[in-house]
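Here is the structure we will look at, set down as structure tokens.
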Amino acid sequence: MTITALIPAAGAGRRMEATVNKQYLELAGRPVLAHTLTVFEQHPAIDRILIITPMNEIAYCQRKIVDAGGLRKIVAIIAGGNERQDSVLNGLRACSCANDDLVLIHDGARPLLSLELIDAVIAAARDHGACLAAVPVKDTVKRVVHGRVIDTPDRDQLWLAQTPQAFRFDLINAAHQRAASAGFRATDDAQLVEWLGHPVVVVPGSYRNLKITTPDDLPVAAALLAAGRGDTA
């Protein structure tokens, strides 16, 4: 069994209001994406890594991230699609995995994951076929329509989905292929597997495992990185 990491890094990151895509912004002297890839590079169970990026950024990614970082587990940089779901499907088509191989899918702009979290999702995917990292909601959540509260869900049952998400290859590949045929769109890969009717287990993630989305996230990530990655709690 091989374990492949697919790293979608094709998002434009318009909310960052930057001149370069968010995965190439500097974080502690290195691009955000370089930090993310280094964690997977260092994990002994990860056999290979595929990066998914816009077609016009492939050469830049190779030169500035892969070559500059001396990353040896990168086997391909794949052109992404119009949406993240399309990009992941492109990556699955390119990874040449056997049915019982494992695939970890992780956001390129989520650089603060730990080796221990990768351990946890690999173990859960081996046992259950599908899992995701997530953290419990801390704040009270309101459902709002047209500026008015219509419901207050029980937050004890609400978790915030993160990545990495890990799957047996035949399961996640079937989910993406069938969704593409049916025109079903999801907000993460786990939702596609849920849509197939297969259970997805939750692995406790970390509140430190934030996704770089807005300008405010960069200084927070820098402070967390300076303090050390910590554990998965």
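Naming works like this for the structure tokens: A, B, ... for the chains as they're shown, residue 1 at the start of each chain, ligands 1 onward in shown order.
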Checklist entry - Which residues in chain A does DSSP call alpha helix (DSSP H)? List them as a ChimeraX atom specification. => result /A:32-42,58-61,68-69,84-94,115-128,169-182,189-196,217-227
Checklist entry - Residues at most 7 Å from Leu27 (chain A), counting only C-alpha atoms, excluding those fewer than 3 positions away in the same chain, as a ChimeraX atom specification? => result /A:30-32,218,222
Next on the checklist: Using DSSP assignments from the backbone, pull out every residue in region 12-198 of chain A that falls under strand (DSSP E) and give it to me as a ChimeraX atom specification.
Outcome noted: /A:26-27,30-31,48-53,74-79,102-105,130-136,143-145,148-151,159-168
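With distances restricted to only C-alpha atoms, A:Asp154 is the closest residue to Pro136 (chain A) from A:Glu83, A:Asp154, A:Asp47, A:Asp189.
Using only C-alpha atoms, the shortest contact distance between Leu196 (chain A) and any of A:Ala120, A:Ala130, A:Ile150, A:Ala161 is found at A:Ala130.
Counting from CA of Asp151 (chain A), the distance to CA of Pro204 (chain A) is 26.5 Å.
Using only C-alpha atoms, the smallest distance between any of A:His128, A:Pro54, A:Ile49, A:Thr140 and Ala94 (chain A) comes from A:Ile49.
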Item to check | From A:Ala10, A:Val203, A:Leu132, A:Ala227, residue lying nearest Asp188 (chain A) [only C-alpha atoms] | outcome: A:Leu132
Checklist entry - What does the distance between CA of Lys211 (chain A) and CA of Met1 (chain A) come to in Å, to one decimal place? => result 29.4 Å
Next on the checklist: I'd like the contact shell of region 67-76 of chain A - 8 Å cut-off, only C-alpha atoms, skipping same-chain residues fewer than 5 positions apart - returned as a PyMOL selection string.
Outcome noted: chain A and resi 34+38+41+47-51+62
Next on the checklist: Calculated over only C-alpha atoms, which of the candidates A:Ile122, A:Ala5, A:Ala223, A:Leu210 has the smallest distance to Val103 (chain A)?
Outcome noted: A:Ala5
Item to check | Distance query Trp159 (chain A) at most 8 Å, only C-alpha atoms, self and fewer than 4 positions along chain excluded, as an MDAnalysis selection string | outcome: chainID A and resid 134:137 155
Store the residues picked out above, limited to N, CA and C atoms, as a compact mmCIF listing (two decimals), in the first residue's frame.
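After the write, again.txt holds the following:
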# COMPACT_ATOMS: atom_id res chain seq x y z
N ALA A 134 -11.04 17.62 12.05
CA ALA A 134 -12.02 18.66 12.36
C ALA A 134 -11.88 19.06 13.81
N VAL A 135 -12.41 20.24 14.14
CA VAL A 135 -12.38 20.74 15.51
C VAL A 135 -13.80 21.17 15.91
N PRO A 136 -14.15 21.01 17.19
CA PRO A 136 -15.48 21.44 17.64
C PRO A 136 -15.65 22.96 17.51
N VAL A 137 -16.87 23.37 17.20
CA VAL A 137 -17.19 24.79 17.17
C VAL A 137 -17.12 25.34 18.59
N ARG A 155 -24.48 23.48 19.27
CA ARG A 155 -23.08 23.49 18.85
C ARG A 155 -22.33 22.24 19.29
Next on the checklist: Which residues are close to Ile7 (chain A), i.e. within 9 Å by only C-alpha atoms, leaving aside same-chain residues fewer than 5 positions away? Reply as a count of residues only.
Outcome noted: 14
Checklist entry - Hey, what's within 12 Å of region 168-171 of chain A if we count only C-alpha atoms and toss same-chain stuff fewer than 3 positions away? As a count of residues only, please? => result 49
Please tabulate, as JSON lines, the residues of region 36-96 of chain A that come within 10 Å of region 109-118 of chain A, each with its closest pair of atoms and the distance in Å to one decimal, counting only C-alpha atoms and ordering rows by chain, then residue number upward.
{"residue": "A:Thr36", "atom": "CA", "partner": "A:Pro111", "partner_atom": "CA", "distance": 4.1}
{"residue": "A:Leu37", "atom": "CA", "partner": "A:Pro111", "partner_atom": "CA", "distance": 7.9}
{"residue": "A:Thr38", "atom": "CA", "partner": "A:Pro111", "partner_atom": "CA", "distance": 8.9}
{"residue": "A:Val39", "atom": "CA", "partner": "A:Leu115", "partner_atom": "CA", "distance": 6.7}
{"residue": "A:Phe40", "atom": "CA", "partner": "A:Leu115", "partner_atom": "CA", "distance": 7.8}
{"residue": "A:Gln42", "atom": "CA", "partner": "A:Leu115", "partner_atom": "CA", "distance": 8.2}
{"residue": "A:His43", "atom": "CA", "partner": "A:Leu115", "partner_atom": "CA", "distance": 6.3}
{"residue": "A:Pro44", "atom": "CA", "partner": "A:Leu115", "partner_atom": "CA", "distance": 9.4}
{"residue": "A:Ala45", "atom": "CA", "partner": "A:Ile118", "partner_atom": "CA", "distance": 9.0}
{"residue": "A:Ile46", "atom": "CA", "partner": "A:Ile118", "partner_atom": "CA", "distance": 9.1}
